[in-house]
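Undergrad: Input target_0.tsv, format and content: TSV, C-alpha atoms.
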```tsv
chain	number	residue	atom	x	y	z
A	28	ALA	CA	-27.06	-14.16	-16.38
A	29	ILE	CA	-27.55	-11.07	-14.24
A	30	LEU	CA	-31.00	-10.53	-15.73
A	31	LYS	CA	-31.96	-14.14	-14.99
A	32	ILE	CA	-30.73	-14.04	-11.38
A	33	THR	CA	-31.80	-10.57	-10.27
A	34	GLY	CA	-34.58	-9.78	-12.70
A	35	LYS	CA	-32.86	-6.43	-13.43
A	36	ASP	CA	-31.16	-5.37	-16.61
A	37	ASP	CA	-27.81	-4.16	-15.24
A	38	ALA	CA	-25.83	-4.92	-18.39
A	39	GLY	CA	-25.80	-1.26	-19.33
A	40	PRO	CA	-27.76	0.86	-21.74
A	41	GLY	CA	-28.20	-0.25	-25.27
A	42	TRP	CA	-26.92	-3.81	-24.94
A	43	LYS	CA	-29.88	-5.10	-26.97
A	44	GLN	CA	-28.59	-3.33	-30.09
A	45	PHE	CA	-25.76	-5.87	-30.33
A	46	ILE	CA	-28.18	-8.81	-30.69
A	47	PRO	CA	-29.93	-8.78	-34.04
A	48	ALA	CA	-33.67	-9.24	-33.74
A	49	GLY	CA	-34.77	-12.85	-34.14
A	50	LYS	CA	-31.20	-14.19	-34.13
A	51	GLY	CA	-30.94	-15.28	-30.49
A	52	PRO	CA	-32.70	-18.20	-28.87
A	53	SER	CA	-36.14	-17.57	-27.50
A	54	VAL	CA	-36.73	-17.46	-23.76
A	55	GLU	CA	-38.64	-20.73	-24.04
A	56	THR	CA	-35.68	-22.42	-25.73
A	57	VAL	CA	-33.27	-21.19	-23.08
A	58	GLN	CA	-35.60	-22.44	-20.35
A	59	LYS	CA	-35.92	-25.86	-22.01
A	60	VAL	CA	-32.14	-26.20	-22.37
A	61	ASP	CA	-31.69	-25.14	-18.74
A	62	ALA	CA	-34.30	-27.70	-17.64
A	63	LEU	CA	-32.52	-30.44	-19.60
A	64	HIS	CA	-29.18	-29.55	-18.01
A	65	THR	CA	-30.78	-29.58	-14.57
A	66	ALA	CA	-32.44	-32.95	-15.25
A	67	ASP	CA	-29.13	-34.42	-16.47
A	68	ARG	CA	-27.32	-33.14	-13.38
A	69	ASN	CA	-30.03	-34.53	-11.08
A	70	ARG	CA	-29.90	-37.91	-12.83
A	71	ALA	CA	-26.12	-38.05	-12.45
A	72	PHE	CA	-26.54	-37.26	-8.75
A	73	ASP	CA	-29.17	-40.01	-8.37
A	74	LEU	CA	-26.87	-42.58	-10.00
A	75	THR	CA	-24.02	-41.54	-7.75
A	76	GLN	CA	-26.31	-41.86	-4.73
A	77	CYS	CA	-27.43	-45.26	-5.97
A	78	VAL	CA	-23.95	-46.71	-6.31
A	79	VAL	CA	-21.90	-44.87	-3.71
A	80	ALA	CA	-24.39	-44.43	-0.88
A	81	ASP	CA	-27.39	-46.73	-1.20
A	82	VAL	CA	-25.83	-50.00	-2.38
A	83	THR	CA	-22.67	-49.54	-0.30
A	84	ASN	CA	-24.62	-48.76	2.88
A	85	ALA	CA	-27.00	-51.69	2.34
A	86	ALA	CA	-24.01	-54.04	1.97
A	87	ALA	CA	-22.33	-52.57	5.05
A	88	TYR	CA	-25.47	-53.07	7.14
A	89	ILE	CA	-25.75	-56.67	5.96
A	90	VAL	CA	-22.25	-57.30	7.34
A	91	ARG	CA	-23.13	-55.36	10.50
A	92	ALA	CA	-26.28	-57.46	11.03
A	93	ILE	CA	-24.30	-60.68	10.65
A	94	LEU	CA	-21.77	-59.50	13.25
A	95	GLN	CA	-24.56	-58.42	15.58
A	96	ILE	CA	-26.29	-61.79	15.27
A	97	ARG	CA	-23.02	-63.53	16.18
A	98	SER	CA	-22.59	-61.20	19.14
A	99	ALA	CA	-26.19	-61.72	20.29
A	100	ALA	CA	-25.80	-65.48	20.14
A	101	SER	CA	-22.94	-65.35	22.63
A	102	ALA	CA	-24.39	-62.60	24.88
A	103	CYS	CA	-28.01	-63.65	25.27
A	104	PRO	CA	-27.57	-65.24	28.70
A	105	GLU	CA	-27.08	-61.62	29.87
A	106	PRO	CA	-30.53	-59.92	29.60
A	107	LYS	CA	-29.20	-56.37	29.21
A	108	ALA	CA	-26.64	-57.27	26.53
A	109	CYS	CA	-29.20	-59.49	24.81
A	110	ALA	CA	-31.75	-56.65	24.65
A	111	ILE	CA	-29.16	-54.25	23.22
A	112	ASN	CA	-28.07	-56.76	20.59
A	113	ILE	CA	-31.60	-57.68	19.53
A	114	MET	CA	-32.61	-54.03	19.10
A	115	ASN	CA	-29.41	-53.37	17.14
A	116	ILE	CA	-30.13	-56.35	14.87
A	117	ILE	CA	-33.66	-55.09	14.19
A	118	SER	CA	-32.38	-51.59	13.44
A	119	SER	CA	-29.69	-52.97	11.11
A	120	PHE	CA	-32.29	-54.91	9.12
A	121	ALA	CA	-34.47	-51.81	8.98
A	122	TRP	CA	-31.53	-49.79	7.63
A	123	ILE	CA	-30.85	-52.51	5.05
A	124	SER	CA	-34.48	-52.08	4.01
A	125	GLN	CA	-34.09	-48.28	3.90
A	126	PHE	CA	-30.96	-48.30	1.75
A	127	THR	CA	-32.42	-50.96	-0.57
A	128	SER	CA	-35.55	-48.84	-0.99
A	129	LEU	CA	-33.44	-45.75	-1.70
A	130	ALA	CA	-31.46	-47.72	-4.27
A	131	VAL	CA	-34.70	-48.68	-6.02
A	132	SER	CA	-35.67	-45.02	-6.23
A	133	ASP	CA	-32.24	-43.60	-7.08
A	134	CYS	CA	-31.15	-46.28	-9.57
A	135	TRP	CA	-34.38	-46.26	-11.55
A	136	ASP	CA	-34.52	-43.34	-13.96
A	137	LYS	CA	-38.15	-42.59	-13.10
A	138	GLY	CA	-37.71	-42.89	-9.33
A	139	SER	CA	-40.33	-44.46	-7.13
A	140	GLN	CA	-42.55	-42.66	-4.67
A	141	LYS	CA	-43.47	-45.98	-3.02
A	142	ALA	CA	-39.79	-46.83	-2.58
A	143	LEU	CA	-39.19	-43.44	-0.95
A	144	CYS	CA	-42.15	-44.07	1.37
A	145	ALA	CA	-40.74	-47.50	2.27
A	146	ALA	CA	-37.35	-45.89	2.95
A	147	ASP	CA	-38.95	-43.37	5.32
A	148	ILE	CA	-40.85	-46.06	7.21
A	149	SER	CA	-37.74	-48.26	7.41
A	150	ASP	CA	-35.68	-45.34	8.71
A	151	MET	CA	-38.30	-44.68	11.38
A	152	VAL	CA	-38.27	-48.34	12.49
A	153	ALA	CA	-34.46	-48.31	12.58
A	154	ALA	CA	-34.35	-45.14	14.64
A	155	VAL	CA	-37.05	-46.28	17.06
A	156	THR	CA	-35.24	-49.56	17.75
A	157	ASN	CA	-31.74	-48.12	17.78
A	158	GLY	CA	-32.56	-45.32	20.23
A	159	PRO	CA	-33.39	-47.56	23.21
A	160	ALA	CA	-30.42	-49.81	22.41
A	161	ALA	CA	-28.10	-46.83	22.56
A	162	GLY	CA	-29.78	-45.63	25.74
A	163	ILE	CA	-29.32	-48.96	27.48
A	164	ALA	CA	-25.74	-49.23	26.26
A	165	THR	CA	-24.85	-45.85	27.77
A	166	THR	CA	-25.32	-47.25	31.26
A	167	SER	CA	-22.13	-49.24	30.79
A	168	ASP	CA	-20.42	-47.24	28.03
A	169	CYS	CA	-20.60	-43.98	29.99
A	170	ALA	CA	-19.75	-45.39	33.41
A	171	ASP	CA	-16.83	-43.85	35.28
A	172	LEU	CA	-15.11	-47.24	35.42
A	173	PRO	CA	-16.65	-49.35	32.64
A	174	ASP	CA	-16.32	-53.10	32.88
A	175	PRO	CA	-14.54	-54.26	29.70
A	176	LEU	CA	-16.35	-57.60	29.82
A	177	GLU	CA	-19.73	-55.84	29.88
A	178	GLU	CA	-18.65	-53.64	26.97
A	179	GLU	CA	-17.77	-56.60	24.77
A	180	LYS	CA	-21.18	-58.21	25.25
A	181	HIS	CA	-22.97	-55.65	23.09
A	182	LEU	CA	-20.30	-54.91	20.50
A	183	PRO	CA	-20.25	-56.67	17.12
A	184	MET	CA	-17.76	-59.50	17.01
A	185	ASP	CA	-14.78	-59.30	14.67
```
Take the structure in this file and express it as structure tokens.

TA:
Amino acid sequence: AILKITGKDDAGPGWKQFIPAGKGPSVETVQKVDALHTADRNRAFDLTQCVVADVTNAAAYIVRAILQIRSAASACPEPKACAINIMNIISSFAWISQFTSLAVSDCWDKGSQKALCAADISDMVAAVTNGPAAGIATTSDCADLPDPLEEEKHLPMD
């Protein structure tokens, strides 16, 4: 292990005499076994990502989008609250798209470069629409004396 990590033979002099010639695995065999272990570990990580992160987050953002749509329906007479809610709805759908795309890549054993590309684009759309919504919301959320009625207009309904 030290030789593999450091590239130096610090195991002491004469250690090779304890391994009969031709009896140990070849370097190529060790590298192949190591590559298989790494691939198995990466696949297990991808499956965990698929189930725990991607599918769960997509489902959570579906619920979030539904709540935001309900909130927008009641707050749209107020232009500021309506704008915040609409941008949040768009960003939620973009994040649903991102997590669905990531699930396609992580759940499939071969992965998918196109799905990863779609996830990146979806994430960019979500961020671009969520940023202004958060910026507009700070005008009331960060006020010295926020108006509770204004606050409720851009929060998801329970």

Undergrad: Choose the residue, out of A:Met114, A:Cys144, A:Ala108, A:Val78, that has the smallest atom-to-atom separation from A:Ser167; count all atoms listed in the file.

TA: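 Result for the nearest residue to A:Ser167: A:Ala108.
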
Undergrad: Of the residues A:Ala153, A:Leu94, A:Val82, A:Ala145, which is the one nearest to A:Ala121, using all atoms listed in the file?

TA: A:Ala153

Undergrad: Would you list the residues near (-30.9, -59.9, 24.0), meaning any protein, DNA or RNA residue with an atom at most 10 Å from that point in file coordinates, counting only C-alpha atoms, as a PDB file with C-alpha atoms, in the frame of the given file?

TA:
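File written: out.pdb
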```
ATOM      1  CA  SER A  98     -22.590 -61.200  19.140  1.00  0.00           C
ATOM      2  CA  ALA A  99     -26.190 -61.720  20.290  1.00  0.00           C
ATOM      3  CA  ALA A 100     -25.800 -65.480  20.140  1.00  0.00           C
ATOM      4  CA  SER A 101     -22.940 -65.350  22.630  1.00  0.00           C
ATOM      5  CA  ALA A 102     -24.390 -62.600  24.880  1.00  0.00           C
ATOM      6  CA  CYS A 103     -28.010 -63.650  25.270  1.00  0.00           C
ATOM      7  CA  PRO A 104     -27.570 -65.240  28.700  1.00  0.00           C
ATOM      8  CA  GLU A 105     -27.080 -61.620  29.870  1.00  0.00           C
ATOM      9  CA  PRO A 106     -30.530 -59.920  29.600  1.00  0.00           C
ATOM     10  CA  LYS A 107     -29.200 -56.370  29.210  1.00  0.00           C
ATOM     11  CA  ALA A 108     -26.640 -57.270  26.530  1.00  0.00           C
ATOM     12  CA  CYS A 109     -29.200 -59.490  24.810  1.00  0.00           C
ATOM     13  CA  ALA A 110     -31.750 -56.650  24.650  1.00  0.00           C
ATOM     14  CA  ILE A 111     -29.160 -54.250  23.220  1.00  0.00           C
ATOM     15  CA  ASN A 112     -28.070 -56.760  20.590  1.00  0.00           C
ATOM     16  CA  ILE A 113     -31.600 -57.680  19.530  1.00  0.00           C
ATOM     17  CA  MET A 114     -32.610 -54.030  19.100  1.00  0.00           C
ATOM     18  CA  ASN A 115     -29.410 -53.370  17.140  1.00  0.00           C
ATOM     19  CA  ILE A 116     -30.130 -56.350  14.870  1.00  0.00           C
ATOM     20  CA  LYS A 180     -21.180 -58.210  25.250  1.00  0.00           C
ATOM     21  CA  HIS A 181     -22.970 -55.650  23.090  1.00  0.00           C
TER      22      HIS A 181
END
```

Undergrad: Determine, counting only C-alpha atoms, which protein, DNA and RNA residues have an atom within 10 Å of an atom of A:Lys141; residues of the same chain fewer than 5 positions away are not included. Present the result as a PDB file with C-alpha atoms, in the frame of the given file.

TA:
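See out_37.pdb below for the written result:
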```
ATOM      1  CA  SER A 128     -35.550 -48.840  -0.990  1.00  0.00           C
ATOM      2  CA  VAL A 131     -34.700 -48.680  -6.020  1.00  0.00           C
ATOM      3  CA  SER A 132     -35.670 -45.020  -6.230  1.00  0.00           C
ATOM      4  CA  ALA A 146     -37.350 -45.890   2.950  1.00  0.00           C
ATOM      5  CA  ASP A 147     -38.950 -43.370   5.320  1.00  0.00           C
TER       6      ASP A 147
END
```

Undergrad: Would you list the contacts of A:Asp136 as a list in words, taking every protein, DNA or RNA residue within 10 Å and counting all atoms listed in the file, but skipping same-chain residues closer than 6 positions in sequence?

TA: Arg70, Asp73 and Leu74 of chain A

Undergrad: When you draw a straight line from atom CA of A:Ala154 to atom CA of A:Asp133, how long is it in Å?

TA: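 We find that atom CA of A:Ala154 and atom CA of A:Asp133 lie 21.9 Å from each other.
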
Undergrad: Counting only C-alpha atoms, figure out which residue out of A:Ala161, A:Asn84, A:Arg97, A:Asp61 gets nearest to A:Gln125.

TA: A:Asn84

Undergrad: Looking at A:Thr156, A:Ala130, A:Leu143, A:Ala86, which one is nearest to A:Ile117, with distances taken over all atoms listed in the file?

TA: A:Thr156

Undergrad: Using all atoms listed in the file, which of A:Val90, A:Thr83, A:Leu63, A:Ser119 sits nearest A:Val155?

TA: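 Residue with the minimum atom-to-atom distance to A:Val155: A:Ser119.
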
Undergrad: Of the residues A:Leu176, A:Ala142, A:Ile148, A:Leu129, which is the one nearest to A:Val79, using only C-alpha atoms?

TA: A:Leu129

Undergrad: Which distance in Å separates atom CA of A:Asn157 and atom CA of A:Phe72, to one decimal?

TA: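 Computed distance, atom CA of A:Asn157 to atom CA of A:Phe72, equals 29.1 Å.
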
Undergrad: Using atom CA of A:Asp81 and atom CA of A:Thr127 as the two end points, give the distance in Å to one decimal.

TA: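 Interatomic distance here is 6.6 Å.
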
Undergrad: Could you write stretch 156-167 of chain A as a CSV table (one decimal), in the frame of the given file, with all heavy atoms rebuilt where they are missing?

TA:
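Result written to rebuild.csv:
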```csv
chain,number,residue,atom,x,y,z
A,156,THR,N,-35.9,-48.4,17.1
A,156,THR,CA,-35.2,-49.6,17.8
A,156,THR,C,-33.8,-49.3,18.2
A,156,THR,O,-33.3,-49.8,19.2
A,156,THR,CB,-35.3,-50.8,16.9
A,156,THR,OG1,-34.6,-50.5,15.6
A,156,THR,CG2,-36.7,-51.3,16.7
A,157,ASN,N,-33.1,-48.4,17.4
A,157,ASN,CA,-31.7,-48.1,17.8
A,157,ASN,C,-31.6,-47.2,19.0
A,157,ASN,O,-30.7,-47.3,19.8
A,157,ASN,CB,-31.0,-47.5,16.6
A,157,ASN,CG,-29.5,-47.4,16.8
A,157,ASN,OD1,-29.1,-46.2,17.0
A,157,ASN,ND2,-28.8,-48.5,16.8
A,158,GLY,N,-32.6,-46.3,19.1
A,158,GLY,CA,-32.6,-45.3,20.2
A,158,GLY,C,-32.5,-46.0,21.6
A,158,GLY,O,-31.6,-45.7,22.4
A,159,PRO,N,-33.5,-46.9,21.9
A,159,PRO,CA,-33.4,-47.6,23.2
A,159,PRO,C,-32.1,-48.4,23.4
A,159,PRO,O,-31.6,-48.5,24.5
A,159,PRO,CB,-34.6,-48.4,23.2
A,159,PRO,CG,-35.6,-47.8,22.2
A,159,PRO,CD,-34.7,-47.2,21.2
A,160,ALA,N,-31.7,-49.0,22.3
A,160,ALA,CA,-30.4,-49.8,22.4
A,160,ALA,C,-29.3,-48.9,22.8
A,160,ALA,O,-28.5,-49.3,23.7
A,160,ALA,CB,-30.1,-50.5,21.1
A,161,ALA,N,-29.2,-47.8,22.2
A,161,ALA,CA,-28.1,-46.8,22.6
A,161,ALA,C,-28.3,-46.3,24.0
A,161,ALA,O,-27.3,-46.2,24.7
A,161,ALA,CB,-28.1,-45.7,21.6
A,162,GLY,N,-29.5,-46.1,24.4
A,162,GLY,CA,-29.8,-45.6,25.7
A,162,GLY,C,-29.4,-46.6,26.8
A,162,GLY,O,-28.7,-46.3,27.8
A,163,ILE,N,-29.7,-47.9,26.5
A,163,ILE,CA,-29.3,-49.0,27.5
A,163,ILE,C,-27.8,-49.1,27.5
A,163,ILE,O,-27.2,-49.3,28.6
A,163,ILE,CB,-30.0,-50.3,27.1
A,163,ILE,CG1,-31.5,-50.2,27.3
A,163,ILE,CG2,-29.5,-51.4,28.0
A,163,ILE,CD1,-32.3,-51.3,26.7
A,164,ALA,N,-27.2,-49.0,26.3
A,164,ALA,CA,-25.7,-49.2,26.3
A,164,ALA,C,-25.0,-48.1,27.0
A,164,ALA,O,-23.9,-48.4,27.5
A,164,ALA,CB,-25.3,-49.3,24.8
A,165,THR,N,-25.6,-46.9,27.1
A,165,THR,CA,-24.8,-45.8,27.8
A,165,THR,C,-24.7,-46.1,29.3
A,165,THR,O,-23.7,-45.6,29.8
A,165,THR,CB,-25.6,-44.5,27.6
A,165,THR,OG1,-26.9,-44.6,28.1
A,165,THR,CG2,-25.6,-44.0,26.2
A,166,THR,N,-25.5,-47.0,29.8
A,166,THR,CA,-25.3,-47.2,31.3
A,166,THR,C,-24.0,-47.9,31.5
A,166,THR,O,-23.4,-47.7,32.6
A,166,THR,CB,-26.5,-48.1,31.8
A,166,THR,OG1,-26.5,-49.4,31.1
A,166,THR,CG2,-27.8,-47.5,31.7
A,167,SER,N,-23.5,-48.7,30.6
A,167,SER,CA,-22.1,-49.2,30.8
A,167,SER,C,-21.1,-48.5,30.0
A,167,SER,O,-20.0,-48.3,30.5
A,167,SER,CB,-22.1,-50.7,30.4
A,167,SER,OG,-22.4,-50.8,29.0
```
